[in-house]
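Q: This is the content of start-v1.csv (CSV, N, CA and C atoms and all ligand atoms):
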chain,number,residue,atom,x,y,z
A,1,MET,N,-79.6,-209.1,-4.1
A,1,MET,CA,-79.4,-208.2,-5.2
A,1,MET,C,-80.1,-206.9,-5.0
A,2,ILE,N,-81.4,-207.0,-4.7
A,2,ILE,CA,-82.3,-205.8,-4.5
A,2,ILE,C,-81.7,-205.0,-3.3
A,3,GLY,N,-81.3,-205.8,-2.2
A,3,GLY,CA,-80.8,-205.2,-1.0
A,3,GLY,C,-79.6,-204.4,-1.3
A,4,VAL,N,-78.7,-204.9,-2.2
A,4,VAL,CA,-77.4,-204.2,-2.5
A,4,VAL,C,-77.7,-202.9,-3.3
A,5,ILE,N,-78.7,-203.0,-4.2
A,5,ILE,CA,-79.0,-201.8,-5.0
A,5,ILE,C,-79.6,-200.7,-4.0
A,6,SER,N,-80.5,-201.1,-3.2
A,6,SER,CA,-81.1,-200.1,-2.3
A,6,SER,C,-80.1,-199.5,-1.3
A,7,MET,N,-79.1,-200.4,-0.9
A,7,MET,CA,-78.0,-199.9,0.0
A,7,MET,C,-77.2,-198.8,-0.7
A,8,SER,N,-76.9,-199.0,-2.0
A,8,SER,CA,-76.0,-198.0,-2.7
A,8,SER,C,-76.9,-196.8,-3.0
A,9,ASN,N,-78.2,-196.9,-3.2
A,9,ASN,CA,-79.0,-195.8,-3.4
A,9,ASN,C,-79.0,-194.9,-2.2
A,10,THR,N,-79.1,-195.6,-1.0
A,10,THR,CA,-79.1,-194.8,0.3
A,10,THR,C,-77.8,-194.1,0.4
A,11,ASN,N,-76.7,-194.8,0.1
A,11,ASN,CA,-75.4,-194.2,0.2
A,11,ASN,C,-75.2,-193.0,-0.7
A,12,SER,N,-75.7,-193.1,-1.9
A,12,SER,CA,-75.5,-191.9,-2.8
A,12,SER,C,-76.5,-190.8,-2.4
A,13,CYS,N,-77.6,-191.2,-1.8
A,13,CYS,CA,-78.5,-190.1,-1.2
A,13,CYS,C,-77.8,-189.4,-0.1
A,14,ARG,N,-77.2,-190.2,0.8
A,14,ARG,CA,-76.5,-189.5,1.9
A,14,ARG,C,-75.3,-188.7,1.4
A,15,MET,N,-74.6,-189.2,0.4
A,15,MET,CA,-73.5,-188.5,-0.2
A,15,MET,C,-73.9,-187.1,-0.8
A,16,PHE,N,-75.1,-187.2,-1.5
A,16,PHE,CA,-75.6,-186.0,-2.1
A,16,PHE,C,-76.0,-185.0,-1.0
A,17,PHE,N,-76.6,-185.6,0.1
A,17,PHE,CA,-77.0,-184.7,1.2
A,17,PHE,C,-75.9,-184.0,1.8
A,18,TRP,N,-74.8,-184.7,2.1
A,18,TRP,CA,-73.6,-184.1,2.7
A,18,TRP,C,-72.9,-183.1,1.7
A,19,PHE,N,-72.9,-183.5,0.4
A,19,PHE,CA,-72.3,-182.7,-0.6
A,19,PHE,C,-73.1,-181.3,-0.6
A,20,THR,N,-74.4,-181.4,-0.5
A,20,THR,CA,-75.3,-180.2,-0.5
A,20,THR,C,-75.0,-179.4,0.7
A,21,VAL,N,-74.8,-180.0,1.9
A,21,VAL,CA,-74.5,-179.3,3.1
A,21,VAL,C,-73.2,-178.6,3.0
A,22,VAL,N,-72.2,-179.3,2.5
A,22,VAL,CA,-70.8,-178.7,2.3
A,22,VAL,C,-70.9,-177.5,1.4
A,23,MET,N,-71.6,-177.7,0.3
A,23,MET,CA,-71.7,-176.6,-0.7
A,23,MET,C,-72.4,-175.4,-0.1
A,24,LEU,N,-73.5,-175.6,0.7
A,24,LEU,CA,-74.2,-174.5,1.3
A,24,LEU,C,-73.3,-173.8,2.3
A,25,LEU,N,-72.5,-174.6,3.0
A,25,LEU,CA,-71.5,-174.0,4.0
A,25,LEU,C,-70.5,-173.1,3.2
A,26,LEU,N,-70.0,-173.7,2.1
A,26,LEU,CA,-69.0,-172.9,1.3
A,26,LEU,C,-69.6,-171.6,0.8
A,27,VAL,N,-70.8,-171.7,0.3
A,27,VAL,CA,-71.4,-170.5,-0.3
A,27,VAL,C,-71.7,-169.5,0.8
A,28,SER,N,-72.2,-170.0,1.9
A,28,SER,CA,-72.5,-169.0,3.0
A,28,SER,C,-71.2,-168.4,3.6
A,29,GLY,N,-70.1,-169.3,3.5
A,29,GLY,CA,-68.8,-168.8,4.0
A,29,GLY,C,-68.3,-167.7,3.1
A,30,CYS,N,-68.5,-167.9,1.8
A,30,CYS,CA,-68.1,-166.9,0.8
A,30,CYS,C,-68.9,-165.6,1.0
A,31,THR,N,-70.2,-165.7,1.2
A,31,THR,CA,-71.1,-164.6,1.3
A,31,THR,C,-70.6,-163.8,2.5
A,32,THR,N,-70.4,-164.5,3.6
A,32,THR,CA,-70.0,-163.8,4.9
A,32,THR,C,-68.6,-163.0,4.6
A,33,GLN,N,-67.7,-163.7,3.9
A,33,GLN,CA,-66.4,-163.0,3.7
A,33,GLN,C,-66.6,-161.8,2.9
A,34,THR,N,-67.5,-161.8,1.8
A,34,THR,CA,-67.7,-160.7,1.0
A,34,THR,C,-68.3,-159.5,1.8
A,35,GLN,N,-69.2,-159.9,2.7
A,35,GLN,CA,-69.8,-158.9,3.6
A,35,GLN,C,-68.8,-158.2,4.5
A,36,GLN,N,-67.9,-159.1,5.0
A,36,GLN,CA,-66.8,-158.5,5.9
A,36,GLN,C,-65.8,-157.6,5.2
A,37,GLN,N,-65.6,-158.0,3.9
A,37,GLN,CA,-64.6,-157.3,3.1
A,37,GLN,C,-65.1,-156.0,2.6
A,38,SER,N,-66.4,-155.9,2.3
A,38,SER,CA,-66.9,-154.7,1.6
A,38,SER,C,-66.7,-153.4,2.3
A,39,PRO,N,-66.7,-153.3,3.7
A,39,PRO,CA,-66.5,-152.0,4.3
A,39,PRO,C,-65.1,-151.5,4.2
A,40,ALA,N,-64.1,-152.5,3.9
A,40,ALA,CA,-62.7,-152.1,4.0
A,40,ALA,C,-62.3,-151.0,2.9
A,41,PRO,N,-62.7,-151.2,1.6
A,41,PRO,CA,-62.3,-150.1,0.7
A,41,PRO,C,-62.9,-148.8,1.1
A,42,THR,N,-64.1,-148.7,1.6
A,42,THR,CA,-64.7,-147.5,2.1
A,42,THR,C,-63.8,-146.8,3.1
A,43,THR,N,-63.3,-147.6,4.0
A,43,THR,CA,-62.4,-147.0,5.1
A,43,THR,C,-61.1,-146.5,4.5
A,44,SER,N,-60.5,-147.3,3.5
A,44,SER,CA,-59.2,-146.9,2.9
A,44,SER,C,-59.3,-145.7,2.0
A,45,THR,N,-60.5,-145.4,1.5
A,45,THR,CA,-60.7,-144.2,0.7
A,45,THR,C,-61.2,-143.0,1.5
A,46,ALA,N,-61.4,-143.2,2.8
A,46,ALA,CA,-62.0,-142.2,3.6
A,46,ALA,C,-61.1,-141.1,4.2
A,47,PRO,N,-59.8,-141.3,4.3
A,47,PRO,CA,-59.0,-140.3,5.0
A,47,PRO,C,-59.1,-138.8,4.6
A,48,ALA,N,-59.2,-138.6,3.2
A,48,ALA,CA,-59.3,-137.3,2.8
A,48,ALA,C,-60.7,-136.8,2.9
A,49,SER,N,-60.8,-135.6,3.6
A,49,SER,CA,-62.2,-135.1,3.9
A,49,SER,C,-62.6,-134.1,2.9
A,50,THR,N,-63.9,-133.8,2.9
A,50,THR,CA,-64.4,-132.7,2.0
A,50,THR,C,-64.4,-131.4,2.7
A,51,SER,N,-63.9,-131.3,4.0
A,51,SER,CA,-63.8,-130.0,4.7
A,51,SER,C,-62.7,-130.2,5.8
A,52,ALA,N,-62.2,-129.1,6.2
A,52,ALA,CA,-61.2,-129.1,7.3
A,52,ALA,C,-61.3,-127.7,8.0
A,53,ASN,N,-61.1,-127.8,9.3
A,53,ASN,CA,-61.0,-126.6,10.1
A,53,ASN,C,-59.7,-126.4,10.7
A,54,ILE,N,-59.1,-125.3,10.6
A,54,ILE,CA,-57.8,-125.0,11.2
A,54,ILE,C,-57.9,-123.8,12.1
A,55,THR,N,-57.4,-124.0,13.3
A,55,THR,CA,-57.5,-122.9,14.3
A,55,THR,C,-56.1,-122.2,14.4
A,56,ILE,N,-56.2,-120.9,14.4
A,56,ILE,CA,-54.9,-120.1,14.6
A,56,ILE,C,-54.9,-119.7,16.1
A,57,LYS,N,-53.9,-120.3,16.8
A,57,LYS,CA,-53.8,-120.0,18.2
A,57,LYS,C,-52.4,-120.1,18.7
A,58,ASP,N,-52.0,-119.2,19.6
A,58,ASP,CA,-50.6,-119.1,20.1
A,58,ASP,C,-49.6,-119.0,19.0
A,59,PHE,N,-49.9,-118.2,18.0
A,59,PHE,CA,-49.0,-118.0,16.9
A,59,PHE,C,-48.7,-119.3,16.1
A,60,ALA,N,-49.7,-120.1,15.9
A,60,ALA,CA,-49.5,-121.4,15.2
A,60,ALA,C,-50.8,-121.8,14.5
A,61,PHE,N,-50.7,-122.5,13.4
A,61,PHE,CA,-51.8,-123.1,12.7
A,61,PHE,C,-52.0,-124.5,13.2
A,62,SER,N,-53.2,-124.8,13.7
A,62,SER,CA,-53.4,-126.1,14.3
A,62,SER,C,-54.7,-126.8,13.7
A,63,PRO,N,-54.6,-127.9,13.0
A,63,PRO,CA,-53.3,-128.6,12.6
A,63,PRO,C,-52.6,-127.8,11.5
A,64,ASP,N,-51.3,-127.9,11.4
A,64,ASP,CA,-50.5,-127.2,10.4
A,64,ASP,C,-50.5,-128.0,9.1
A,65,LEU,N,-51.0,-129.2,9.1
A,65,LEU,CA,-51.1,-130.0,7.9
A,65,LEU,C,-52.5,-130.7,7.8
A,66,VAL,N,-53.2,-130.4,6.7
A,66,VAL,CA,-54.5,-131.1,6.5
A,66,VAL,C,-54.5,-131.7,5.1
A,67,THR,N,-55.1,-132.8,5.0
A,67,THR,CA,-55.3,-133.5,3.7
A,67,THR,C,-56.8,-133.5,3.4
A,68,VAL,N,-57.2,-133.0,2.3
A,68,VAL,CA,-58.6,-132.9,1.9
A,68,VAL,C,-58.7,-133.4,0.4
A,69,LYS,N,-60.0,-133.6,0.0
A,69,LYS,CA,-60.3,-134.0,-1.3
A,69,LYS,C,-60.4,-132.7,-2.2
A,70,ALA,N,-60.2,-132.9,-3.5
A,70,ALA,CA,-60.4,-131.7,-4.4
A,70,ALA,C,-61.8,-131.3,-4.2
A,71,GLY,N,-62.0,-129.9,-4.2
A,71,GLY,CA,-63.3,-129.4,-4.0
A,71,GLY,C,-63.7,-129.1,-2.5
A,72,ALA,N,-62.8,-129.5,-1.6
A,72,ALA,CA,-63.0,-129.3,-0.2
A,72,ALA,C,-62.9,-127.8,0.2
A,73,THR,N,-63.6,-127.5,1.3
A,73,THR,CA,-63.5,-126.2,1.9
A,73,THR,C,-62.7,-126.2,3.1
A,74,VAL,N,-61.7,-125.4,3.2
A,74,VAL,CA,-60.8,-125.3,4.3
A,74,VAL,C,-61.1,-124.0,5.0
A,75,THR,N,-61.3,-124.0,6.3
A,75,THR,CA,-61.7,-122.8,7.1
A,75,THR,C,-60.7,-122.6,8.2
A,76,TRP,N,-60.1,-121.4,8.2
A,76,TRP,CA,-59.2,-121.0,9.3
A,76,TRP,C,-60.0,-120.0,10.2
A,77,THR,N,-59.8,-120.2,11.5
A,77,THR,CA,-60.4,-119.3,12.5
A,77,THR,C,-59.3,-118.8,13.4
A,78,ASN,N,-59.2,-117.5,13.5
A,78,ASN,CA,-58.2,-116.8,14.4
A,78,ASN,C,-58.7,-116.7,15.8
A,79,GLU,N,-58.1,-117.5,16.7
A,79,GLU,CA,-58.5,-117.5,18.1
A,79,GLU,C,-57.4,-116.8,19.0
A,80,ASP,N,-56.5,-116.1,18.3
A,80,ASP,CA,-55.5,-115.3,19.0
A,80,ASP,C,-56.0,-113.9,19.2
A,81,SER,N,-55.3,-113.2,20.2
A,81,SER,CA,-55.6,-111.8,20.3
A,81,SER,C,-54.9,-111.0,19.2
A,82,ALA,N,-53.9,-111.6,18.6
A,82,ALA,CA,-53.1,-110.9,17.6
A,82,ALA,C,-53.8,-111.2,16.2
A,83,PRO,N,-53.7,-110.2,15.3
A,83,PRO,CA,-54.2,-110.4,14.0
A,83,PRO,C,-53.3,-111.4,13.2
A,84,HIS,N,-53.8,-112.2,12.3
A,84,HIS,CA,-53.0,-113.1,11.5
A,84,HIS,C,-53.6,-113.1,10.1
A,85,SER,N,-52.9,-113.8,9.2
A,85,SER,CA,-53.5,-114.0,7.8
A,85,SER,C,-53.0,-115.3,7.2
A,86,ILE,N,-53.6,-115.7,6.2
A,86,ILE,CA,-53.2,-116.9,5.4
A,86,ILE,C,-52.6,-116.4,4.1
A,87,LYS,N,-51.3,-116.5,4.0
A,87,LYS,CA,-50.6,-116.0,2.8
A,87,LYS,C,-50.0,-117.2,2.1
A,88,PRO,N,-50.6,-117.5,0.9
A,88,PRO,CA,-50.0,-118.6,0.1
A,88,PRO,C,-48.6,-118.4,-0.3
A,89,GLU,N,-47.8,-119.5,-0.3
A,89,GLU,CA,-46.4,-119.4,-0.8
A,89,GLU,C,-46.4,-119.1,-2.3
A,90,SER,N,-47.2,-119.7,-3.0
A,90,SER,CA,-47.4,-119.3,-4.4
A,90,SER,C,-48.9,-118.9,-4.6
A,91,GLU,N,-49.1,-117.6,-4.7
A,91,GLU,CA,-50.4,-117.1,-4.7
A,91,GLU,C,-50.9,-117.0,-6.1
A,92,VAL,N,-51.9,-117.8,-6.4
A,92,VAL,CA,-52.5,-117.8,-7.8
A,92,VAL,C,-54.0,-117.6,-7.6
A,93,SER,N,-54.5,-116.5,-8.2
A,93,SER,CA,-55.9,-116.2,-8.0
A,93,SER,C,-56.9,-117.3,-8.3
A,94,GLY,N,-57.7,-117.6,-7.4
A,94,GLY,CA,-58.7,-118.7,-7.6
A,94,GLY,C,-58.2,-120.1,-7.2
A,95,VAL,N,-56.8,-120.2,-7.2
A,95,VAL,CA,-56.2,-121.5,-6.8
A,95,VAL,C,-55.9,-121.5,-5.3
A,96,PHE,N,-55.4,-120.4,-4.9
A,96,PHE,CA,-55.2,-120.2,-3.4
A,96,PHE,C,-55.0,-118.7,-3.2
A,97,ASP,N,-56.0,-118.1,-2.6
A,97,ASP,CA,-56.0,-116.7,-2.5
A,97,ASP,C,-55.6,-116.3,-1.0
A,98,ASN,N,-55.0,-115.1,-0.9
A,98,ASN,CA,-54.6,-114.6,0.4
A,98,ASN,C,-55.9,-114.2,1.1
A,99,SER,N,-55.9,-114.5,2.4
A,99,SER,CA,-57.1,-114.2,3.2
A,99,SER,C,-57.2,-112.7,3.6
A,100,GLY,N,-56.1,-112.0,3.6
A,100,GLY,CA,-56.1,-110.7,4.1
A,100,GLY,C,-56.1,-110.8,5.7
A,101,THR,N,-56.0,-109.7,6.4
A,101,THR,CA,-55.9,-109.8,7.8
A,101,THR,C,-57.1,-110.3,8.5
A,102,LEU,N,-56.9,-111.2,9.4
A,102,LEU,CA,-58.0,-111.8,10.2
A,102,LEU,C,-57.8,-111.3,11.7
A,103,GLY,N,-58.8,-110.5,12.2
A,103,GLY,CA,-58.7,-110.1,13.6
A,103,GLY,C,-59.2,-111.3,14.5
A,104,THR,N,-59.2,-111.0,15.8
A,104,THR,CA,-59.6,-112.0,16.7
A,104,THR,C,-61.1,-112.5,16.4
A,105,GLY,N,-61.2,-113.8,16.3
A,105,GLY,CA,-62.6,-114.4,16.0
A,105,GLY,C,-62.8,-114.4,14.5
A,106,GLY,N,-62.0,-113.8,13.7
A,106,GLY,CA,-62.2,-113.7,12.2
A,106,GLY,C,-61.9,-115.1,11.6
A,107,SER,N,-62.6,-115.4,10.5
A,107,SER,CA,-62.4,-116.6,9.8
A,107,SER,C,-62.3,-116.4,8.3
A,108,TYR,N,-61.7,-117.4,7.7
A,108,TYR,CA,-61.5,-117.4,6.2
A,108,TYR,C,-61.7,-118.8,5.7
A,109,SER,N,-62.6,-118.9,4.7
A,109,SER,CA,-62.8,-120.2,4.0
A,109,SER,C,-62.3,-120.1,2.6
A,110,PHE,N,-61.7,-121.2,2.1
A,110,PHE,CA,-61.3,-121.3,0.8
A,110,PHE,C,-61.5,-122.7,0.2
A,111,VAL,N,-62.1,-122.7,-1.0
A,111,VAL,CA,-62.3,-124.0,-1.7
A,111,VAL,C,-61.1,-124.4,-2.6
A,112,PHE,N,-60.5,-125.5,-2.3
A,112,PHE,CA,-59.4,-126.0,-3.1
A,112,PHE,C,-59.9,-126.9,-4.2
A,113,ALA,N,-59.9,-126.4,-5.4
A,113,ALA,CA,-60.5,-127.2,-6.5
A,113,ALA,C,-59.6,-128.2,-7.1
A,114,ASN,N,-58.3,-127.9,-7.1
A,114,ASN,CA,-57.3,-128.7,-7.8
A,114,ASN,C,-56.3,-129.5,-6.8
A,115,PRO,N,-56.1,-130.7,-7.2
A,115,PRO,CA,-55.1,-131.5,-6.3
A,115,PRO,C,-53.7,-130.8,-6.3
A,116,GLY,N,-53.0,-130.9,-5.2
A,116,GLY,CA,-51.7,-130.4,-5.1
A,116,GLY,C,-51.3,-130.1,-3.7
A,117,THR,N,-50.1,-129.6,-3.5
A,117,THR,CA,-49.7,-129.3,-2.1
A,117,THR,C,-49.6,-127.7,-2.0
A,118,TYR,N,-50.3,-127.2,-1.1
A,118,TYR,CA,-50.4,-125.7,-0.9
A,118,TYR,C,-49.8,-125.3,0.4
A,119,GLU,N,-48.6,-124.7,0.3
A,119,GLU,CA,-48.0,-124.2,1.5
A,119,GLU,C,-48.4,-122.7,1.7
A,120,TYR,N,-48.4,-122.4,3.0
A,120,TYR,CA,-48.8,-121.0,3.3
A,120,TYR,C,-48.1,-120.6,4.6
A,121,SER,N,-48.1,-119.3,4.8
A,121,SER,CA,-47.6,-118.8,6.1
A,121,SER,C,-48.5,-117.6,6.5
A,122,CYS,N,-48.2,-117.0,7.7
A,122,CYS,CA,-48.9,-115.9,8.1
A,122,CYS,C,-48.2,-114.6,7.5
A,123,GLY,N,-49.0,-113.7,6.9
A,123,GLY,CA,-48.5,-112.5,6.3
A,123,GLY,C,-47.7,-111.6,7.3
A,124,THR,N,-48.2,-111.7,8.5
A,124,THR,CA,-47.6,-110.8,9.6
A,124,THR,C,-46.4,-111.6,10.3
A,125,HIS,N,-46.5,-112.9,10.4
A,125,HIS,CA,-45.5,-113.7,11.1
A,125,HIS,C,-45.0,-114.8,10.2
A,126,PRO,N,-44.0,-114.5,9.4
A,126,PRO,CA,-43.5,-115.5,8.4
A,126,PRO,C,-43.1,-116.9,9.0
A,127,THR,N,-42.8,-116.9,10.3
A,127,THR,CA,-42.4,-118.2,10.9
A,127,THR,C,-43.6,-119.1,11.1
A,128,MET,N,-44.8,-118.6,11.1
A,128,MET,CA,-46.0,-119.4,11.2
A,128,MET,C,-46.3,-120.0,9.8
A,129,LYS,N,-46.2,-121.4,9.8
A,129,LYS,CA,-46.4,-122.0,8.5
A,129,LYS,C,-47.4,-123.1,8.6
A,130,GLY,N,-48.0,-123.4,7.4
A,130,GLY,CA,-49.0,-124.5,7.3
A,130,GLY,C,-49.0,-125.1,5.9
A,131,LYS,N,-49.7,-126.2,5.8
A,131,LYS,CA,-49.7,-126.9,4.5
A,131,LYS,C,-51.1,-127.5,4.3
A,132,VAL,N,-51.6,-127.4,3.1
A,132,VAL,CA,-52.9,-128.1,2.7
A,132,VAL,C,-52.6,-129.0,1.6
A,133,VAL,N,-52.8,-130.3,1.8
A,133,VAL,CA,-52.6,-131.3,0.7
A,133,VAL,C,-54.0,-131.6,0.1
A,134,VAL,N,-54.1,-131.4,-1.2
A,134,VAL,CA,-55.4,-131.7,-1.8
A,134,VAL,C,-55.2,-132.9,-2.8
A,135,VAL,N,-56.0,-134.0,-2.5
A,135,VAL,CA,-55.9,-135.2,-3.3
A,135,VAL,C,-57.1,-135.3,-4.3
A,136,GLY,N,-56.9,-136.0,-5.4
A,136,GLY,CA,-57.9,-136.1,-6.4
A,136,GLY,C,-59.0,-137.0,-6.0
A,201,CU,CU,-49.7,-114.3,12.3
Represent the structure contained in this file as structure tokens.

A:
Amino acid sequence: MIGVISMSNTNSCRMFFWFTVVMLLLVSGCTTQTQQQSPAPTTSTAPASTSANITIKDFAFSPDLVTVKAGATVTWTNEDSAPHSIKPESEVSGVFDNSGTLGTGGSYSFVFANPGTYEYSCGTHPTMKGKVVVVG
């Protein structure tokens, strides 16, 4: 009788031990998953930048499409020998201002405060077109 009781005690001790081991594994597994998942949202919210640089070269804006966050500064630099400008399709003071003429090496920076799609062209060469997409 005593032997039977001590046997069952040993068995429940072993069961408790393995139960604890399994629980620890599950908990550590969950912790590891959480650590692996946490960088993902950061990456998915990262594409829109707080600044962008656009080069004007060979009568083209490069890149001709940039996506930035609201409040971002976009800077255009003229690397052509010809003068160019940034002329907003819909020019609203303070929302998207005309750069005026940029000579060789000249640059123009503008802060886009409001989300939206801002199309522009070159004031001298209307076929030169570009777009700034501002996301909230
Ligand atoms: Cu131009």

Q: Can I get the residues close to ligand CU 201 (chain A) as number ranges by chain, where close means within 7 Å and we count only C-alpha atoms and all ligand atoms?

A: A: 59, 83-85, 122-125, 128

Q: Could you work out how far CA of Thr101 in chain A lies from CA of Ala48 in chain A, giving the answer in Å with one decimal?

A: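 Distance between the two atoms: 28.2 Å.
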
Q: Could you check which residues have any atom within 12 Å of (-57.3, -110.3, 7.3), counting only C-alpha atoms with coordinates taken straight from the file, and then list them as a ChimeraX atom specification?

A: /A:76-78,82-87,97-109,122-124

Q: Can you find the residues with an atom no farther than 7 Å from (-45.3, -125.6, 5.5), counting only N, CA and C atoms, and report them as JSON, numbers by chain?

A: {"A": [64, 118, 119, 120, 121, 129, 130, 131, 132]}

Q: Select, from A:Val95, A:Ala60, A:Val111, A:Val134, the residue with the minimum atom-to-atom distance to Thr75 in chain A, counting only C-alpha atoms.

A: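 Using only C-alpha atoms, the shortest distance to Thr75 in chain A belongs to A:Val111.
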
Q: Give me, as a list in words, all polymer residues having an atom no more than 8 Å from Ala113 in chain A, counting all atoms listed in the file and skipping those fewer than 5 positions away in the same chain.

A: Lys69, Ala70, Gly71, Ala72, Thr73, Gly94, Val95, Phe96 and Val134 of chain A

Q: Could you jot down the atom C of Ser93 in chain A to atom N of Asp80 in chain A separation for me, Å, one decimal place?

A: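 Spanning atom C of Ser93 in chain A to atom N of Asp80 in chain A is a straight-line distance of 26.6 Å.
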
Q: Work out how far apart atom N of Ser90 in chain A and CA of Thr50 in chain A are and give it in Å to one decimal.

A: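 Separation between atom N of Ser90 in chain A and CA of Thr50 in chain A: 22.1 Å.
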
Q: Measuring between all atoms listed in the file, which one of A:Gly116, A:Pro88, A:Pro126, A:Glu79 shows the shortest distance to Asp58 in chain A?

A: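 Using all atoms listed in the file, Asp58 in chain A sits closest to A:Glu79.
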